[in-house]
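All remarks here apply to the structure that follows.
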There are 4 protein chains.
Amino acid sequence: MWQSSSEEDLEKDCPLTDSKQTARSTEMPPVGKDGKIIAAKRGLLERLCAGEVIIGDGGFVVALEKRGYVKAGPWTPEATVEHPEAVRELHREFLRAGSTVMQTFTFYASDDKLENRGNYVEKKFSGQKVNEAACDIAREVANEGDALVAGGVSQTPSYLSCKSETDVKAIFRKQLDVFIKKNVDFMLAEYFEHVEEAEWAVQVLKESGKPVGATMCIGPEGDLTGVSAGDCAVKLVKAGADLVGVNCHFDPTTCLKTMKLMKEGLEAANLKAHLIVQPLAFHTPDCNKQGFIDLPEFPFALEPRILTRWEVHKYARDAYNMGIRYIGGCCGFEPYHIRAITEELAAERGFLSKASEKHDAWGGGLAMHTKPWVRARAQRAYWENLVPASGRPYSASLSKPDSWGVTRGDKDLIQQKEMTTENQLKEMFDKQKNVAGMIV
Amino acid sequence: MWQSSSEEDLEKDCPLTDSKQTARSTEMPPVGKDGKIIAAKRGLLERLCAGEVIIGDGGFVVALEKRGYVKAGPWTPEATVEHPEAVRELHREFLRAGSTVMQTFTFYASDDKLENRGNYVEKKFSGQKVNEAACDIAREVANEGDALVAGGVSQTPSYLSCKSETDVKAIFRKQLDVFIKKNVDFMLAEYFEHVEEAEWAVQVLKESGKPVGATMCIGPEGDLTGVSAGDCAVKLVKAGADLVGVNCHFDPTTCLKTMKLMKEGLEAANLKAHLIVQPLAFHTPDCNKQGFIDLPEFPFALEPRILTRWEVHKYARDAYNMGIRYIGGCCGFEPYHIRAITEELAAERGFLSKASEKHDAWGGGLAMHTKPWVRARAQRAYWENLVPASGRPYSASLSKPDSWGVTRGDKDLIQQKEMTTENQLKEMFDKQKNVAGMIV
Amino acid sequence: MWQSSSEEDLEKDCPLTDSKQTARSTEMPPVGKDGKIIAAKRGLLERLCAGEVIIGDGGFVVALEKRGYVKAGPWTPEATVEHPEAVRELHREFLRAGSTVMQTFTFYASDDKLENRGNYVEKKFSGQKVNEAACDIAREVANEGDALVAGGVSQTPSYLSCKSETDVKAIFRKQLDVFIKKNVDFMLAEYFEHVEEAEWAVQVLKESGKPVGATMCIGPEGDLTGVSAGDCAVKLVKAGADLVGVNCHFDPTTCLKTMKLMKEGLEAANLKAHLIVQPLAFHTPDCNKQGFIDLPEFPFALEPRILTRWEVHKYARDAYNMGIRYIGGCCGFEPYHIRAITEELAAERGFLSKASEKHDAWGGGLAMHTKPWVRARAQRAYWENLVPASGRPYSASLSKPDSWGVTRGDKDLIQQKEMTTENQLKEMFDKQKNVAGMIV
Amino acid sequence: MWQSSSEEDLEKDCPLTDSKQTARSTEMPPVGKDGKIIAAKRGLLERLCAGEVIIGDGGFVVALEKRGYVKAGPWTPEATVEHPEAVRELHREFLRAGSTVMQTFTFYASDDKLENRGNYVEKKFSGQKVNEAACDIAREVANEGDALVAGGVSQTPSYLSCKSETDVKAIFRKQLDVFIKKNVDFMLAEYFEHVEEAEWAVQVLKESGKPVGATMCIGPEGDLTGVSAGDCAVKLVKAGADLVGVNCHFDPTTCLKTMKLMKEGLEAANLKAHLIVQPLAFHTPDCNKQGFIDLPEFPFALEPRILTRWEVHKYARDAYNMGIRYIGGCCGFEPYHIRAITEELAAERGFLSKASEKHDAWGGGLAMHTKPWVRARAQRAYWENLVPASGRPYSASLSKPDSWGVTRGDKDLIQQKEMTTENQLKEMFDKQKNVAGMIV
């Protein structure tokens with residue numbers, strides 16, 4: 001098994017490496033600011049097969065929403081066109097924190113999503129422009145370090161609206177065309193609630209000849225159609241994924257439970273794949289299978305659930321110990337969370353990130369604090385054992401999730417170009433009134 | 001009273017306005033990117049006397065620590081030299097969120113702090129360079145909108161080390177020289193635990209001839225030497241401050257309690273001043289008079305205490321109702337928190353900020369969300385009444401603060417150029433062991 | 001001061017002792033089961049003036065409600081007639097736990113309360129019968145140990161209905177007649193929200209010539225008409241009370257805050273009195289001035305607020321240190337809570353209670369537990385430091401109290417012989433819907 | 001299946017009823033206070049086979065510990081001899097609350113337990129005397145109503161000390177001899193952590209010819225030797241139990257999860273048995289398989305975990321819906337909790353208990369409360385939806401259980417007649433220091 005600790009085994013058993021692939025590209029090799037061609041970086045599979053840890057980045061939509069560049073609700077990435085400098089700055093922070101992958105900020109950048117429920121982006125800019133800008137920014141920052149660029153696609157309203165396989169695949173292919181043109185280093189199909197749609201995405205992305213990763217936003221209960229986590233992993237590898245796992249929707253603890261099931265599923269099926277995990281930076285012990293979307297706090301009151309950096313340390317260690325070698329984050333992960341992964345795995349990897357210039361291990365920088373009792377906190381034992389208080393005496397530990405039981409094909413999930421009407425909203429509000437979690 | 005709702009009264013009774021002042025400056029008027037002189041903006045006091053609301057910005061050290069550019073412990077602003085683009089981006093986000101003041105990122109930028117406990121900044125760059133860069137960046141971004149630049153000074157290790165008034169004032173004057181040279185719009189003495197030091201700072205800043213604000217980081221119990229909040233306000237106004245209040249160390253609720261006491265103190269003394277409040281974006285109901293520094297979670301496990309945007313709405317309204325017209329934030333305030341102030345006061349001010357392009361009031365953007373039960377949250381009643389869960393079943397609501405009782409002059413507070421030694425740290429660690437809040 | 005530690009001072013300065021009083025009684029001295037006259041016990045004031053600690057008992061209505069003999073709502077003590085053996089057993093448990101006072105179970109046993117809102121007790125048994133039975137039971141058990149009998153009266157619906165002083169005093173006098181006939185050892189006016197009514201009660205009880213104690217159910221904010229806690233104490237002593245303090249409505253921490261204010265009030269007025277405190281055994285940090293009645297959990301969901309025995313230890317120590325020498329409990333105090341007072345003060349008093357035969361100090365009995373990790377808890381440090389978890393992840397720390405602002409004279413507070421009607425209830429329910437604290 | 005709703009099926013398929021059994025007894029039939037023979041009551045199986053609900057009683061050791069008659073640590077029932085009136089009163093309260101079974105207070109009344117770790121009971125009174133007194137009291141109170149008497153045995157230190165099957169069975173047989181002599185109505189083997197010991201107990205109790213119930217104190221993870229809950233149920237039925245289930249150690253929610261597994265295990269094995277559940281009245285979502293013994297709060301700080309009466313309503317309904325017909329409680333269940341079971345199932349059973357004279361359904365008695373906002377709580381919707389606050393801002397929701405991993409045969413579990421020595425205690429204390437859950 002490639003998760004084995006024996007280096008020889010690793011190489012021998014490793015799934016296809018990049019070098020053996022014939023990648024299609026319509027662009028020139030990357031060029032630095034000085035105009036020179038940049039020496040080719042080692043590819044994703046090469047690194048993974050060598051047993052290296054790939055560190056992902058954090059969640060762009062949530063981070064940029066807080067910075068004022070993304071709208072909660074549509075969650076679309078038009079900031080790549082509207083505010084490229086803000087997207088670039090966030091990429092740089094993640095690079096500086098140790099990310100070795102720059103994911104193109106193309107979440108929900110499929111054409112159908114960009115014109116859903118009144119969204120102006122498709123009409124004003126076009127999906128192609130948004131995706132191209134995302135690739136350019138990601139590549140620019142990746143070239144400032146040793147990072148790879150991953151072209152990402154995610155689930156579509158078309159699938160929820162029961163469009164055909166052909167139609168849905170065409171949607172993905174439009175994004176893929178940009179990724180090929182911009183010569184990203186590998187592909188990532190992420191944030192899928194239905195394994196069928198994820199398989200379609202993988203099949204399309206494989207056309208590129210580049211490595212393909214696939215992550216579902218599912219928990220231990222499996223996908224929304226009842227396919228188990230183990231079976232999802234098997235289906236994705238069979239569809240062509242080199243790298244499988246989960247992202248978003250659940251906290252690290254829950255995601256690692258799901259990863260365990262996926263790993264066991266692959267082993268039972270005698271399949272090999274690299275493992276990837278990119279959880280939320282929010283505690284979600286109270287979720288049902290729909291994930292944090294169902295929690296009453298989503299998306300505007302999740303603050304008390306945010307992970308501390310020390311909780312990320314634990315996550316990184318647990319993920320590593322489980323054999324996962326692509327470890328990153330999703331919504332809620334800020335640069336300092338990614339830095340915590342880098343710092344936890346510094347011994348194994350042999351180096352720190354640049355951002356650790358401003359962060360000594362385990363709070364060591366506090367030795368420079370003016371107040372002596374804060375200097376007394378400059379130690380691992382302090383932070384590792386502290387259970388932080390919420391400062392919120394009227395708030396509970398857990399919430400009851402909304403559980404509307406609405407699934408694919410339901411009228412309320414169908415794509416709709418017009419803005420949600422007042423009447424439609426009122427209908428929703430009436431339903432909300434009967435749901436637990438509100439104090440009136 | 002200037003807090004009165006009668007406009008005539010406002011003008012008649014208003015403290016000195018900027019126009020009557022003879023400000024010293026050694027620089028040319030601001031010039032735009034196109035080389036043209038930018039039309040003079042209306043000054044701070046002019047705006048306040050007209051009854052306008054000034055919206056402050058958020059906390060740079062905490063925000064930039066999470067982005068990887070500031071070190072927790074020293075908390076010094078060398079990023080102005082090391083990573084100006086990151087500082088600029090944060091200024092831009094606050095401007096976009098509605099801040100009408102760009103505070104120079106000169107917190108703890110006094111020469112003595114920049115060489116305290118092994119800090120390399122004074123030696124490598126010099127305080128002057130750090131302060132100048134901060135002014136340049138703040139001005140650049142301020143000119144992109146209708147914002148003013150505030151030159152800020154804060155408390156010094158010299159004072160804690162019992163240096164003389166002359167010595168401490170000299171420290172402040174070095175920063176002031178930069179502010180005058182760079183022609184900032186007004187001065188802000190902030191984050192003072194001892195009213196005496198704050199008075200010294202105000203006296204120095206008044207030499208500029210510009211408006212001066214002063215905020216202490218105290219709670220309702222008053223300053224660390226036992227001077228009541230009301231007396232602190234009186235002393236600061238008598239020292240020359242046009243604008244007084246509190247910043248940092250406590251949550252909005254606690255800060256507004258302190259503001260009430262300050263306001264009452266001023267009224268009792270028959271003094272007039274504008275009021276300013278810039279609290280933490282962390283819940284701190286459990287603090288003692290030392291503020292959040294004493295909480296076991298400071299500074300690396302404060303996440304569960306972070307304010308939601310809706311809690312900021314309430315704060316903005318309460319501050320406004322109390323007659324405060326300079327409303328901002330300190331540590332923990334991110335751009336989306338500032339935007340919440342702007343949105344809450346939109347009716348009074350007559351306009352929104354640019355960042356509201358990406359944020360419809362009270363979660364309205366969720367009307368565009370794919371899932372119907374999330375669209376059901378696109379309403380004020382939902383967010384205003386929700387008490388968010390922490391997702392942390394092992395964490396309590398409140399913590400017992402450290403209460404070491406160490407005050408000015410104590411050996412552990414004295415400035416020390418060398419890095420804290422191992423022995424010094426060990427001594428602190430031993431003391432920490434006996435403090436509540438740790439689960440061992 | 002009588003709280004002084006000097007014994008001579010105590011005697012010299014002590015308020016009038018029992019021996020100097022001419023008590024009226026129409027009954028024979030107490031006779032034991034064997035028919036012999038029982039040697040006269042030392043009186044209340046004699047004990048208090050000697051610096052002894054009097055240990056009160058716990059809350060009968062709440063304890064007997066859980067045992068099935070008292071109805072929550074009316075809270076009247078007809079169990080003295082209906083189930084005397086159950087009342088007797090509870091008295092015995094408190095005696096065994098160390099109580100040196102048996103309060104007659106005559107709470108709310110005034111005639112007007114026994115016929116309020118459909119209550120059948122006045123009609124079926126008469127108040128006289130209920131009060132007499134209570135005295136008999138209390139005396140029987142008191143004689144089994146060294147305990148005194150206290151005849152208790154409490155606030156009346158007549159006062160809330162704005163009846164005259166004459167009418168209200170007549171109500172108290174009916175109970176007093178029974179206490180005199182039954183020759184109780186002293187009188188206790190307890191559970192008063194209005195100091196005026198408490199003064200009336202004290203004035204009536206003083207007619208007996210016996211010592212009189214008076215406790216109000218107020219918090220640090222004072223009585224419901226705005227009289228401060230200090231002034232309440234002064235008024236009660238001036239009305240004739242030998243012993244003043246608070247009972248019920250608030251937790252020990254809050255009650256001791258109130259006691260501090262009462263003590264300071266008495267000292268400022270140069271008055272002397274013994275101090276008594278009998279708090280709830282429920283945590284109520286979130287109460288407003290109406291006390292736990294206002295909390296949403298009252299009376300059927302207070303369980304998570306119940307004090308542990310270790311929390312009672314702390315209370316007993318704090319009360320003792322404040323100079324209070326009559327230390328007991330009210331609603332929620334079960335026999336094991338009273339035993340905790342006895343055990344905490346065992347060193348000062350020189351003896352334990354009988355119930356400590358079944359309870360070694362600080363959990364020492366666990367040394368006999370089968371499981372070794374439970375034996376490891378047989379130590380003070382363990383229990384003193386443990387902060388117990390609630391086991392309730394959906395519950396918060398604090399509640400928002402109801403705050404209807406209904407006061408004396410309001411139509412909803414007027415005595416009414418008929419059962420509350422359906423329409424009246426519906427009106428209440430409608431109002432409830434708008435109150436915080438409900439999850440719907 | 002007997003859980004079926006069809007009455008005919010019930011009778012046809014019901015396990016052996018009492019009438020077909022030849023019970024051994026050495027005593028005369030029960031005689032009332034008036035000297036007359038009391039008409040034979042319908043037996044346990046007769047009632048269960050008729051589809052009736054049997055309501056158990058609550059936990060004697062915990063209730064009587066709080067009343068001052070039982071020592072925490074040994075937890076032995078010598079109160080039957082030392083304070084029979086207190087035991088009798090508690091039985092009466094449960095009878096009054098609706099219990100249709102009086103369990104003899106013979107928990108841990110095996111001879112080996114009564115002389116374990118310094119216990120004086122065996123030597124002073126003898127196990128026989130304690131057991132006989134327990135039977136007499138239970139019978140006396142059972143005859144005051146329509147209740148049956150259950151003779152109970154529980155796990156032994158002998159088994160933990162690895163004594164032989166013959167030795168352990170001899171221990172149980174000594175208690176059985178008393179039960180036969182006193183002619184109890186049926187037998188209950190309860191509180192077993194190891195299914196093997198439970199089987200031995202059932203085999204011994206079956207010698208009586210009376211119905212035998214068996215409950216283990218296990219959770220969904222099964223017994224301490226790893227036997228699954230389903231297999232435990234199967235083994236117990238095969239050993240002869242007519243009635244199987246769980247008691248103690250876990251809260252209702254967890255116990256019902258275990259019951260579900262037991263029921264499924266029986267169905268899979270094609271076995272029939274009546275189901276019984278008697279959970280804790282403490283919330284224990286955070287337990288591991290050792291149950292609440294492992295929680296840091298056991299046994300002296302469990303207060304915040306106590307169930308409200310409304311939480312018992314839910315439990316009773318859920319248990320009933322699962323087909324369980326013997327529904328009772330264990331540690332923490334007070335009379336008012338049992339009354340809640342009776343009230344929840346009043347419609348199904350057709351009658352209430354006597355204690356409901358003092359408790360109108362769903363808080364209805366509050367209609368008689370003086371304060372109008374409390375009258376507003378006299379409704380089901382209020383109490384059913386309320387999530388009670390803990391009033392404890394420094395306490396968390398969950399605790400980390402001790403997990404010492406000590407099992408049968410470990411030296412620390414071996415029976416020891418001498419009191420635990422100081423050195424033994426010190427050894428335990430040292431181990432405790434490293435366990436989570438303490439705030440130091």
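Scheme for the structure tokens: letters A, B, ... for chains in order shown; per-chain residue numbers from 1; ligand numbers from 1 in order shown.
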
Would you kindly report the residues of chain A within 6 Å of chain B, using only C-alpha atoms, as a count of residues only?
-> 50

Close residues, region 169-173 of chain A itself excluded, 9 Å, only C-alpha atoms, min 2 positions apart in chain, as JSON, numbers by chain | {"A": [110, 111, 112, 153, 154, 156, 158, 164, 165, 166, 167, 175, 176, 177, 178, 197, 200, 201, 203, 204, 205]}

What does the file look like for those residues with N, CA, C and O atoms, as a compact mmCIF listing (two decimals), in the first residue's frame?
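again-v4.txt was written with the following content:
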# COMPACT_ATOMS: atom_id res chain seq x y z
N SER A 110 -19.39 27.72 -12.66
CA SER A 110 -20.01 27.15 -13.86
C SER A 110 -21.04 28.15 -14.39
O SER A 110 -21.63 28.91 -13.62
N ASP A 111 -21.23 28.12 -15.69
CA ASP A 111 -22.10 29.13 -16.31
C ASP A 111 -23.50 29.14 -15.71
O ASP A 111 -24.10 30.20 -15.51
N ASP A 112 -24.05 27.95 -15.43
CA ASP A 112 -25.42 27.90 -14.91
C ASP A 112 -25.52 28.54 -13.53
O ASP A 112 -26.50 29.19 -13.19
N VAL A 153 -13.49 22.47 -10.19
CA VAL A 153 -14.91 22.57 -10.52
C VAL A 153 -15.73 22.04 -9.34
O VAL A 153 -15.22 21.28 -8.53
N SER A 154 -16.98 22.45 -9.30
CA SER A 154 -17.83 22.02 -8.17
C SER A 154 -19.24 21.74 -8.68
O SER A 154 -19.54 21.93 -9.86
N THR A 156 -23.21 21.55 -9.64
CA THR A 156 -23.94 22.50 -10.48
C THR A 156 -25.43 22.51 -10.18
O THR A 156 -26.00 21.48 -9.81
N SER A 158 -27.48 22.63 -12.44
CA SER A 158 -28.04 21.80 -13.51
C SER A 158 -28.31 20.39 -13.02
O SER A 158 -29.34 19.78 -13.32
N SER A 164 -29.55 16.34 -17.99
CA SER A 164 -28.96 15.07 -18.42
C SER A 164 -27.45 15.03 -18.20
O SER A 164 -26.81 16.07 -18.01
N GLU A 165 -26.88 13.83 -18.23
CA GLU A 165 -25.44 13.66 -18.09
C GLU A 165 -24.70 14.48 -19.13
O GLU A 165 -23.71 15.16 -18.85
N THR A 166 -25.21 14.46 -20.34
CA THR A 166 -24.58 15.22 -21.42
C THR A 166 -24.55 16.72 -21.10
O THR A 166 -23.52 17.38 -21.23
N ASP A 167 -25.68 17.22 -20.64
CA ASP A 167 -25.76 18.65 -20.33
C ASP A 167 -24.81 19.02 -19.19
O ASP A 167 -24.12 20.04 -19.24
N GLN A 175 -15.46 24.76 -18.22
CA GLN A 175 -14.42 25.19 -17.28
C GLN A 175 -13.10 24.49 -17.62
O GLN A 175 -12.03 25.08 -17.57
N LEU A 176 -13.20 23.22 -17.99
CA LEU A 176 -12.00 22.47 -18.30
C LEU A 176 -11.24 23.10 -19.46
O LEU A 176 -10.00 23.16 -19.47
N ASP A 177 -11.98 23.58 -20.44
CA ASP A 177 -11.32 24.21 -21.59
C ASP A 177 -10.41 25.34 -21.14
O ASP A 177 -9.29 25.50 -21.65
N VAL A 178 -10.87 26.11 -20.18
CA VAL A 178 -10.04 27.20 -19.66
C VAL A 178 -8.81 26.64 -18.93
O VAL A 178 -7.69 27.11 -19.13
N GLU A 197 -22.81 12.87 -9.82
CA GLU A 197 -22.34 14.10 -10.44
C GLU A 197 -20.82 14.20 -10.33
O GLU A 197 -20.14 14.66 -11.24
N TRP A 200 -19.21 12.13 -12.99
CA TRP A 200 -19.27 12.83 -14.28
C TRP A 200 -18.16 13.88 -14.36
O TRP A 200 -17.49 14.02 -15.38
N ALA A 201 -17.99 14.61 -13.27
CA ALA A 201 -16.97 15.66 -13.25
C ALA A 201 -15.58 15.03 -13.45
O ALA A 201 -14.77 15.53 -14.24
N GLN A 203 -14.83 12.24 -14.87
CA GLN A 203 -14.69 11.74 -16.25
C GLN A 203 -14.34 12.87 -17.22
O GLN A 203 -13.51 12.71 -18.11
N VAL A 204 -14.97 14.00 -17.01
CA VAL A 204 -14.66 15.14 -17.88
C VAL A 204 -13.22 15.62 -17.64
O VAL A 204 -12.44 15.82 -18.58
N LEU A 205 -12.87 15.79 -16.38
CA LEU A 205 -11.55 16.34 -16.07
C LEU A 205 -10.43 15.42 -16.54
O LEU A 205 -9.34 15.88 -16.92

Mind pulling up the distance from CA of Met102 (chain C) to CA of Val130 (chain C)?
->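 Between CA of Val130 (chain C) and CA of Met102 (chain C) the gap is 16.0 Å.
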
Those in region 190-428 of chain B with strand (DSSP E) from DSSP, as a PyMOL selection string | chain B and resi 190-192+212-216+243-247+274-278+326-327

Got time to write the residues from that selection, N, CA, C and O atoms, as an mmCIF file, in the first residue's frame?
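Written output follows (out_27.cif):
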data_model
loop_
_atom_site.group_PDB
_atom_site.id
_atom_site.type_symbol
_atom_site.label_atom_id
_atom_site.label_comp_id
_atom_site.auth_asym_id
_atom_site.auth_seq_id
_atom_site.Cartn_x
_atom_site.Cartn_y
_atom_site.Cartn_z
ATOM 1 N N GLU B 190 -4.149 56.225 21.751
ATOM 2 C CA GLU B 190 -5.060 55.123 22.073
ATOM 3 C C GLU B 190 -4.339 54.037 22.844
ATOM 4 O O GLU B 190 -3.123 53.934 22.829
ATOM 5 N N TYR B 191 -5.152 53.222 23.507
ATOM 6 C CA TYR B 191 -4.658 52.061 24.237
ATOM 7 C C TYR B 191 -3.753 52.462 25.396
ATOM 8 O O TYR B 191 -2.579 52.129 25.445
ATOM 9 N N PHE B 192 -4.327 53.187 26.330
ATOM 10 C CA PHE B 192 -3.600 53.572 27.549
ATOM 11 C C PHE B 192 -4.293 52.978 28.775
ATOM 12 O O PHE B 192 -5.503 53.109 28.936
ATOM 13 N N VAL B 212 -7.164 66.235 18.429
ATOM 14 C CA VAL B 212 -6.589 65.099 19.134
ATOM 15 C C VAL B 212 -7.697 64.292 19.804
ATOM 16 O O VAL B 212 -8.526 64.840 20.532
ATOM 17 N N GLY B 213 -7.668 63.004 19.542
ATOM 18 C CA GLY B 213 -8.555 62.081 20.252
ATOM 19 C C GLY B 213 -7.743 61.260 21.229
ATOM 20 O O GLY B 213 -6.537 61.083 21.055
ATOM 21 N N ALA B 214 -8.413 60.779 22.269
ATOM 22 C CA ALA B 214 -7.712 59.937 23.243
ATOM 23 C C ALA B 214 -8.645 58.852 23.732
ATOM 24 O O ALA B 214 -9.763 59.131 24.169
ATOM 25 N N THR B 215 -8.188 57.604 23.617
ATOM 26 C CA THR B 215 -8.995 56.489 24.128
ATOM 27 C C THR B 215 -8.142 55.636 25.055
ATOM 28 O O THR B 215 -7.011 55.308 24.757
ATOM 29 N N MET B 216 -8.744 55.294 26.163
ATOM 30 C CA MET B 216 -8.061 54.427 27.112
ATOM 31 C C MET B 216 -8.605 53.010 26.975
ATOM 32 O O MET B 216 -9.743 52.809 26.545
ATOM 33 N N LEU B 243 -11.757 64.718 21.712
ATOM 34 C CA LEU B 243 -12.515 63.483 21.471
ATOM 35 C C LEU B 243 -12.012 62.488 22.511
ATOM 36 O O LEU B 243 -10.795 62.252 22.597
ATOM 37 N N VAL B 244 -12.888 61.934 23.319
ATOM 38 C CA VAL B 244 -12.417 60.960 24.321
ATOM 39 C C VAL B 244 -13.299 59.730 24.358
ATOM 40 O O VAL B 244 -14.472 59.766 23.980
ATOM 41 N N GLY B 245 -12.704 58.653 24.831
ATOM 42 C CA GLY B 245 -13.440 57.405 24.929
ATOM 43 C C GLY B 245 -12.548 56.247 25.278
ATOM 44 O O GLY B 245 -11.525 56.417 25.946
ATOM 45 N N VAL B 246 -12.987 55.055 24.851
ATOM 46 C CA VAL B 246 -12.207 53.855 25.137
ATOM 47 C C VAL B 246 -12.002 53.056 23.861
ATOM 48 O O VAL B 246 -12.763 53.166 22.905
ATOM 49 N N ASN B 247 -10.935 52.258 23.893
ATOM 50 C CA ASN B 247 -10.710 51.301 22.811
ATOM 51 C C ASN B 247 -10.138 50.017 23.399
ATOM 52 O O ASN B 247 -9.591 49.997 24.499
ATOM 53 N N HIS B 274 -16.236 65.375 22.135
ATOM 54 C CA HIS B 274 -16.842 64.341 21.311
ATOM 55 C C HIS B 274 -16.501 62.988 21.903
ATOM 56 O O HIS B 274 -15.472 62.827 22.564
ATOM 57 N N LEU B 275 -17.375 62.023 21.633
ATOM 58 C CA LEU B 275 -17.174 60.684 22.205
ATOM 59 C C LEU B 275 -16.775 59.682 21.121
ATOM 60 O O LEU B 275 -17.301 59.705 20.011
ATOM 61 N N ILE B 276 -15.850 58.814 21.482
ATOM 62 C CA ILE B 276 -15.344 57.797 20.564
ATOM 63 C C ILE B 276 -15.296 56.459 21.272
ATOM 64 O O ILE B 276 -14.927 56.375 22.449
ATOM 65 N N VAL B 277 -15.689 55.397 20.557
ATOM 66 C CA VAL B 277 -15.584 54.055 21.141
ATOM 67 C C VAL B 277 -15.100 53.077 20.073
ATOM 68 O O VAL B 277 -15.571 53.108 18.936
ATOM 69 N N GLN B 278 -14.113 52.289 20.435
ATOM 70 C CA GLN B 278 -13.572 51.292 19.506
ATOM 71 C C GLN B 278 -13.286 50.007 20.295
ATOM 72 O O GLN B 278 -12.148 49.720 20.645
ATOM 73 N N TYR B 326 -18.254 58.802 17.025
ATOM 74 C CA TYR B 326 -17.070 58.183 16.405
ATOM 75 C C TYR B 326 -17.133 56.730 16.859
ATOM 76 O O TYR B 326 -16.866 56.409 18.022
ATOM 77 N N ILE B 327 -17.537 55.867 15.941
ATOM 78 C CA ILE B 327 -17.832 54.471 16.275
ATOM 79 C C ILE B 327 -16.967 53.566 15.420
ATOM 80 O O ILE B 327 -17.078 53.569 14.197
#

For Val168 (chain B), which residue out of B:Ile324, B:Asp146, B:Cys14, B:Glu199 is the nearest one, using only C-alpha atoms?
->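 Among the listed residues, B:Glu199 lies closest to Val168 (chain B).
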
Could you tell me, as a PyMOL selection string, which residues of region 190-405 of chain C DSSP assigns to helix (DSSP H, G or I) when given the backbone?
-> chain C and resi 195-206+229-239+252-268+291-294+303-305+309-321+335-344+346-349+354-358+361-368+372-375+380-385

Extract, using only C-alpha atoms, all DNA, RNA and protein residues at most 7 Å from Cys330 (chain A), discarding same-chain residues fewer than 2 positions from it, and format them as number ranges by chain.
-> A: 58-59, 247-248, 278-280, 332-333

Expressed in Å to a single decimal, how great is the separation between CA of Tyr159 (chain D) and CA of Tyr108 (chain D)?
->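 Rounded to one decimal, the two atoms are 12.9 Å apart.
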
One decimal, Å: what's the distance from CA of Ile338 (chain B) over to CA of Phe179 (chain B), could you say?
->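 These atoms are spaced 25.1 Å apart.
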
May I have the residues within 10 Å of Lys260 (chain C) as an MDAnalysis selection string, using only C-alpha atoms and disregarding those fewer than 3 positions away in the same chain?
-> chainID C and resid 220 229:230 245 254:257 263:266 319 322:324
